[in-house]
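Structure file structure-v3.cif (mmCIF, C-alpha atoms) follows.
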```cif
data_query
loop_
_atom_site.label_atom_id
_atom_site.label_comp_id
_atom_site.auth_asym_id
_atom_site.auth_seq_id
_atom_site.Cartn_x
_atom_site.Cartn_y
_atom_site.Cartn_z
CA MET I 103 42.17 34.23 -72.01
CA LEU I 104 44.44 31.35 -70.91
CA LYS I 105 44.73 27.79 -72.16
CA ALA I 106 46.66 25.50 -69.81
CA LYS I 107 48.04 22.09 -70.71
CA THR I 108 49.83 19.94 -68.14
CA LEU I 109 52.48 17.54 -69.45
CA GLU I 110 53.29 14.09 -68.00
CA ASN I 111 56.36 15.51 -66.27
CA GLY I 112 54.23 17.97 -64.31
CA LEU I 113 55.08 21.07 -66.32
CA THR I 114 52.11 23.24 -67.27
CA ILE I 115 52.26 25.27 -70.46
CA ILE I 116 49.96 28.29 -70.35
CA ALA I 117 49.15 29.84 -73.71
CA VAL I 118 47.80 33.39 -73.61
CA ASN I 119 45.05 33.99 -76.14
CA GLU I 120 45.01 37.79 -75.88
CA PRO I 121 47.15 40.02 -78.08
CA ARG I 122 47.35 42.70 -75.40
CA LEU I 123 47.91 42.28 -71.65
CA VAL I 124 46.96 45.69 -70.32
CA ALA I 125 45.14 47.51 -67.54
CA ALA I 126 41.76 46.62 -69.05
CA ASN I 127 42.26 42.86 -68.77
CA ALA I 128 45.00 42.54 -66.14
CA PRO I 129 42.51 41.70 -63.34
CA LYS I 130 41.21 38.75 -65.42
CA LEU I 131 44.78 37.62 -66.18
CA ARG I 132 45.67 37.82 -62.49
CA GLU I 133 42.56 35.85 -61.51
CA ASP I 134 43.07 33.14 -64.15
CA LEU I 135 46.75 32.66 -63.26
CA ALA I 136 45.84 32.41 -59.58
CA GLY I 137 43.23 29.77 -60.42
CA ILE I 138 45.78 27.64 -62.28
CA ILE I 139 48.27 27.91 -59.41
CA ASP I 140 45.67 27.25 -56.73
CA ALA I 141 44.58 24.11 -58.62
CA GLY I 142 47.99 22.69 -57.74
CA ASN I 143 50.02 23.57 -60.82
CA ASN I 144 53.29 25.13 -59.72
CA ARG I 145 55.78 24.48 -62.53
CA LEU I 146 54.51 26.89 -65.12
CA ILE I 147 55.67 27.96 -68.56
CA LEU I 148 53.89 31.15 -69.61
CA ASP I 149 53.85 31.26 -73.41
CA LEU I 150 53.49 34.87 -74.58
CA SER I 151 54.08 34.14 -78.27
CA GLY I 152 50.56 35.33 -79.07
CA VAL I 153 50.98 38.60 -77.17
CA ASP I 154 51.92 41.78 -79.02
CA PHE I 155 51.92 44.26 -76.16
CA VAL I 156 52.21 44.21 -72.37
CA ASP I 157 51.84 47.25 -70.13
CA SER I 158 52.79 47.66 -66.47
CA SER I 159 49.44 46.25 -65.30
CA GLY I 160 49.83 43.11 -67.41
CA LEU I 161 53.38 42.76 -66.14
CA GLY I 162 52.12 43.23 -62.58
CA ALA I 163 49.73 40.30 -63.01
CA ILE I 164 52.60 38.08 -64.18
CA VAL I 165 54.79 39.21 -61.26
CA GLY I 166 51.84 38.46 -58.96
CA ALA I 167 51.74 34.89 -60.25
CA LEU I 168 55.47 34.50 -59.61
CA LYS I 169 54.98 35.70 -56.04
CA ARG I 170 51.99 33.40 -55.58
CA ILE I 171 54.07 30.38 -56.56
CA SER I 172 56.92 31.61 -54.37
CA VAL I 173 59.30 28.83 -53.39
CA ARG I 174 56.77 26.08 -54.13
CA GLY I 175 57.57 25.96 -57.82
CA ASP I 176 58.66 27.90 -60.84
CA LEU I 177 57.26 30.29 -63.42
CA VAL I 178 59.23 30.87 -66.59
CA VAL I 179 58.32 32.90 -69.66
CA CYS I 180 58.74 32.11 -73.34
CA GLY I 181 57.82 33.48 -76.75
CA LEU I 182 58.46 37.16 -76.04
CA GLY I 183 58.00 39.33 -79.12
CA GLN I 184 59.88 42.59 -79.66
CA SER I 185 57.59 44.82 -77.64
CA PRO I 186 56.99 42.58 -74.58
CA ALA I 187 60.72 41.78 -74.50
CA GLN I 188 61.47 45.51 -74.45
CA LEU I 189 59.16 46.00 -71.46
CA PHE I 190 60.82 43.14 -69.59
CA ARG I 191 64.22 44.78 -70.24
CA LEU I 192 63.07 48.29 -69.26
CA THR I 193 61.75 47.00 -65.93
CA ARG I 194 64.64 44.57 -65.48
CA MET I 195 62.17 41.71 -65.26
CA ASP I 196 64.46 39.94 -67.72
CA LYS I 197 66.75 39.49 -64.68
CA VAL I 198 63.94 38.17 -62.50
CA PHE I 199 62.25 35.71 -64.86
CA ARG I 200 63.93 32.91 -66.75
CA ILE I 201 63.08 33.62 -70.39
CA PHE I 202 63.16 31.09 -73.23
CA GLY I 203 62.66 31.46 -76.97
CA ALA I 204 59.97 28.83 -77.52
CA ALA I 205 57.88 26.63 -75.23
CA GLU I 206 59.88 23.59 -76.37
CA ASP I 207 63.09 25.25 -75.16
CA ALA I 208 61.54 25.88 -71.75
CA VAL I 209 60.25 22.30 -71.52
CA ALA I 210 63.69 20.94 -72.39
CA ALA I 211 65.39 23.16 -69.80
CA LEU I 212 62.96 22.35 -66.99
CA SER I 213 62.58 18.61 -67.64
CA MET T 241 48.34 65.82 -87.05
CA LEU T 242 46.10 63.20 -85.45
CA ARG T 243 43.39 64.13 -82.95
CA LEU T 244 41.55 61.50 -80.91
CA GLU T 245 38.72 62.01 -78.45
CA ILE T 246 39.01 59.02 -76.16
CA PRO T 247 36.30 57.92 -73.71
CA ALA T 248 37.86 57.75 -70.25
CA ASP T 249 37.72 53.98 -69.80
CA LEU T 250 40.54 51.45 -69.99
CA LYS T 251 39.30 49.60 -73.09
CA SER T 252 39.03 52.81 -75.07
CA THR T 253 42.41 54.09 -73.92
CA ASP T 254 44.03 50.77 -74.89
CA ALA T 255 42.56 51.02 -78.38
CA ALA T 256 43.95 54.57 -78.64
CA ALA T 257 47.43 53.44 -77.54
CA ALA T 258 47.38 50.78 -80.26
CA GLU T 259 46.38 53.39 -82.83
CA ILE T 260 49.23 55.67 -81.75
CA ARG T 261 51.58 52.71 -82.11
CA ARG T 262 50.54 52.35 -85.76
CA LEU T 263 51.28 56.04 -86.33
CA ALA T 264 54.63 55.84 -84.50
CA GLU T 265 55.71 52.82 -86.56
CA ARG T 266 55.52 54.93 -89.70
CA LEU T 267 57.78 57.61 -88.20
CA LEU T 268 60.17 55.92 -85.79
CA PRO T 269 62.28 52.75 -85.43
CA PRO T 270 60.45 49.75 -83.86
CA GLU T 271 62.00 50.12 -80.39
CA LYS T 272 61.13 53.81 -80.32
CA ALA T 273 57.59 53.04 -81.50
CA THR T 274 57.31 50.61 -78.59
CA CYS T 275 58.45 53.38 -76.25
CA VAL T 276 55.68 55.60 -77.63
CA GLU T 277 53.07 52.89 -77.09
CA ILE T 278 54.24 52.13 -73.55
CA ALA T 279 54.37 55.79 -72.50
CA VAL T 280 50.99 56.67 -74.04
CA SER T 281 49.36 53.52 -72.66
CA GLU T 282 50.65 54.22 -69.13
CA ALA T 283 49.72 57.90 -69.30
CA LEU T 284 46.17 57.19 -70.47
CA SER T 285 45.68 54.48 -67.82
CA ASN T 286 46.91 56.88 -65.15
CA ILE T 287 44.42 59.52 -66.29
CA VAL T 288 41.52 57.03 -66.15
CA ARG T 289 42.51 55.66 -62.76
CA HIS T 290 43.70 58.78 -60.98
CA ALA T 291 42.30 61.86 -62.72
CA PHE T 292 38.90 60.24 -63.22
CA ASN T 293 39.05 57.71 -60.35
CA GLY T 294 38.48 54.72 -62.62
CA THR T 295 35.33 55.72 -64.38
CA SER T 296 33.95 58.76 -66.12
CA ASP T 297 31.69 59.78 -68.95
CA GLN T 298 34.25 62.41 -69.92
CA THR T 299 36.85 62.20 -72.64
CA ILE T 300 40.60 62.56 -72.97
CA VAL T 301 41.85 64.48 -75.98
CA LEU T 302 45.03 63.21 -77.62
CA LEU T 303 46.91 65.28 -80.17
CA ALA T 304 49.78 63.65 -82.02
CA ARG T 305 52.06 65.96 -83.98
CA PRO T 306 54.65 64.34 -86.22
CA GLY T 307 57.57 66.69 -86.85
CA ALA T 308 61.07 66.85 -88.23
CA GLU T 309 62.56 65.71 -84.93
CA GLY T 310 60.08 62.95 -84.12
CA LEU T 311 56.66 62.83 -82.53
CA GLY T 312 54.98 65.06 -79.96
CA ILE T 313 51.88 63.88 -78.11
CA THR T 314 49.66 66.00 -75.89
CA LEU T 315 47.02 64.51 -73.61
CA THR T 316 44.37 66.82 -72.21
CA ASP T 317 41.74 66.02 -69.60
CA CYS T 318 39.53 67.79 -67.09
CA GLY T 319 40.04 65.33 -64.23
CA ALA T 320 41.77 65.76 -60.89
CA PRO T 321 45.33 67.15 -61.17
CA LEU T 322 48.33 64.94 -60.60
CA PRO T 323 49.70 65.45 -57.06
CA PRO T 324 52.90 67.52 -57.62
CA ARG T 325 54.92 65.38 -55.22
CA LEU T 326 54.43 62.39 -57.53
CA LEU T 327 56.63 64.06 -60.12
CA GLU T 328 59.39 65.09 -57.74
CA ASN T 329 61.15 61.76 -57.26
CA VAL T 330 60.14 59.32 -59.93
CA PRO T 331 62.06 56.08 -59.34
CA PRO T 332 63.35 53.98 -62.22
CA PRO T 333 60.81 51.31 -63.25
CA ASP T 334 62.98 48.53 -61.86
CA ASP T 335 62.93 50.17 -58.45
CA ALA T 336 59.22 50.84 -58.10
CA ASP T 337 58.87 49.74 -54.49
CA GLY T 338 61.12 46.74 -55.00
CA GLU T 339 61.73 44.60 -58.03
CA LEU T 340 58.74 42.34 -57.35
CA ALA T 341 56.21 45.14 -56.95
CA GLU T 342 52.97 44.38 -58.77
CA ASP T 343 52.14 47.99 -59.54
CA GLY T 344 53.64 51.47 -59.41
CA ARG T 345 55.79 51.29 -62.54
CA GLY T 346 53.57 53.41 -64.80
CA LEU T 347 54.97 56.86 -64.08
CA SER T 348 58.52 55.59 -64.16
CA LEU T 349 57.95 53.98 -67.55
CA ILE T 350 56.49 57.22 -68.93
CA TYR T 351 59.70 59.04 -68.00
CA GLN T 352 61.99 56.24 -69.16
CA CYS T 353 60.29 55.85 -72.53
CA SER T 354 59.87 59.56 -73.35
CA ASP T 355 62.60 62.01 -74.33
CA GLU T 356 60.70 64.86 -72.73
CA VAL T 357 57.79 65.02 -70.27
CA GLN T 358 55.95 68.18 -69.30
CA PHE T 359 52.89 68.37 -67.07
CA ARG T 360 50.83 71.39 -66.16
CA HIS T 361 47.42 72.03 -64.69
CA ALA T 362 45.66 75.27 -65.57
CA ALA T 363 42.05 76.44 -65.36
CA GLY T 364 40.84 72.96 -64.44
CA VAL T 365 42.61 71.25 -67.33
CA ASN T 366 45.53 68.79 -67.18
CA TYR T 367 48.07 68.96 -70.00
CA LEU T 368 50.65 66.22 -70.44
CA LEU T 369 53.19 66.61 -73.22
CA LEU T 370 55.31 63.64 -74.27
CA ARG T 371 58.02 64.05 -76.87
CA PHE T 372 59.81 61.25 -78.72
CA ARG T 373 62.84 62.06 -80.82
CA GLY T 374 64.17 60.03 -83.71
CA GLU T 375 63.48 59.09 -87.26
CA LYS T 376 62.99 55.91 -89.13
CA GLY T 377 66.21 54.79 -90.78
#
```
Is it possible to express this structure as structure tokens?
Amino acid sequence: MLKAKTLENGLTIIAVNEPRLVAANAPKLREDLAGIIDAGNNRLILDLSGVDFVDSSGLGAIVGALKRISVRGDLVVCGLGQSPAQLFRLTRMDKVFRIFGAAEDAVAALS
Amino acid sequence: MLRLEIPADLKSTDAAAAEIRRLAERLLPPEKATCVEIAVSEALSNIVRHAFNGTSDQTIVLLARPGAEGLGITLTDCGAPLPPRLLENVPPPDDADGELAEDGRGLSLIYQCSDEVQFRHAAGVNYLLLRFRGEKG
């Protein structure tokens, strides 16, 4: 579901290889994100460019990862398509997460 | 009119929400079609988790009726009824037990994304009507 790549500057880009982050796979998303964080990665860029749809359960898993990192690091989001971006706006998560257009933009901002 | 008989499990309900999205895209602007998909997805997940307690060999019947004013969707199931108090004070989705809540936004999103929501329970059957107004420009 997730493919993580850690750069030399310590940033980890997490690509999501699921077109839908929903109630059916949110537990797996939550578990995989927790595994990446617990392995010591705490400056994360979550690349959702391959995701077409997110529901409240998928969003909850992403919020859970943000809370798990807490003050130890950062979790930003990039690559939001029309539908996921709309969910972030509806829930005001666009005010909670820093959101970038592409992964390169997030890397440049966080480096 | 589109009629789907959906097995009451989360994978099947997700596939149904995606199918309704494809129908909505033909009738409504993209942002409204997203509203339809979000509301239907959240409603179906709620039915699986709460009416059927997460698992069931029963089905949910979805009727989608395109009309002159938009799209009407009715979900019917024979699971446990929604507690009435849940519908009395639905918070906005950004205030579902605090902005960093990990769950509890589903019902709020259904109301925010739909132009009309009606729920009734009669003779052991739950009926949820969602209406979405608009037309593709």
Q: To one decimal in Å, tell me the separation between CA of Asn111 in chain I and CA of Ser172 in chain I.
A: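 Between CA of Asn111 in chain I and CA of Ser172 in chain I the gap is 20.0 Å.
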Q: Could you tell me how far CA of Asp157 in chain I lies from CA of Ser281 in chain T, in Å and to one decimal?
A: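 These two atoms are separated by 7.2 Å.
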Q: Just give me the gap between CA of Leu123 in chain I and CA of Ala256 in chain T in Å, one decimal is fine.
A: 14.7 Å
**Q.** Test item: residues at most 10 Å from range 302-316 of chain T, only C-alpha atoms, excluding those fewer than 4 positions along its chain, as a VMD selection string
**A.** chain T and resid 241 to 246 256 260 263 to 264 267 to 268 272 to 273 276 280 283 to 284 287 354 to 361 365 to 376
**Q.** Interface list for chain T, partner chain I, 10 Å threshold, all atoms listed in the file, as number ranges by chain
**A.** T: 249-254, 258, 270-271, 273-275, 277-279, 281-282, 285-286, 289, 332-336, 339-349, 352-353
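Here the PyMOL selection byres ((chain I and resi 179) around 6) captures the residues Ile147, Leu148, Val178, Cys180 and Ile201 of chain I.
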Q) Between I:Asp149, I:Asp154, I:Asp196, I:Asp176, which one has atoms that come closest to Ile116 in chain I, using all atoms listed in the file? A)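 Ranked by minimum distance to Ile116 in chain I, first place goes to I:Asp149.
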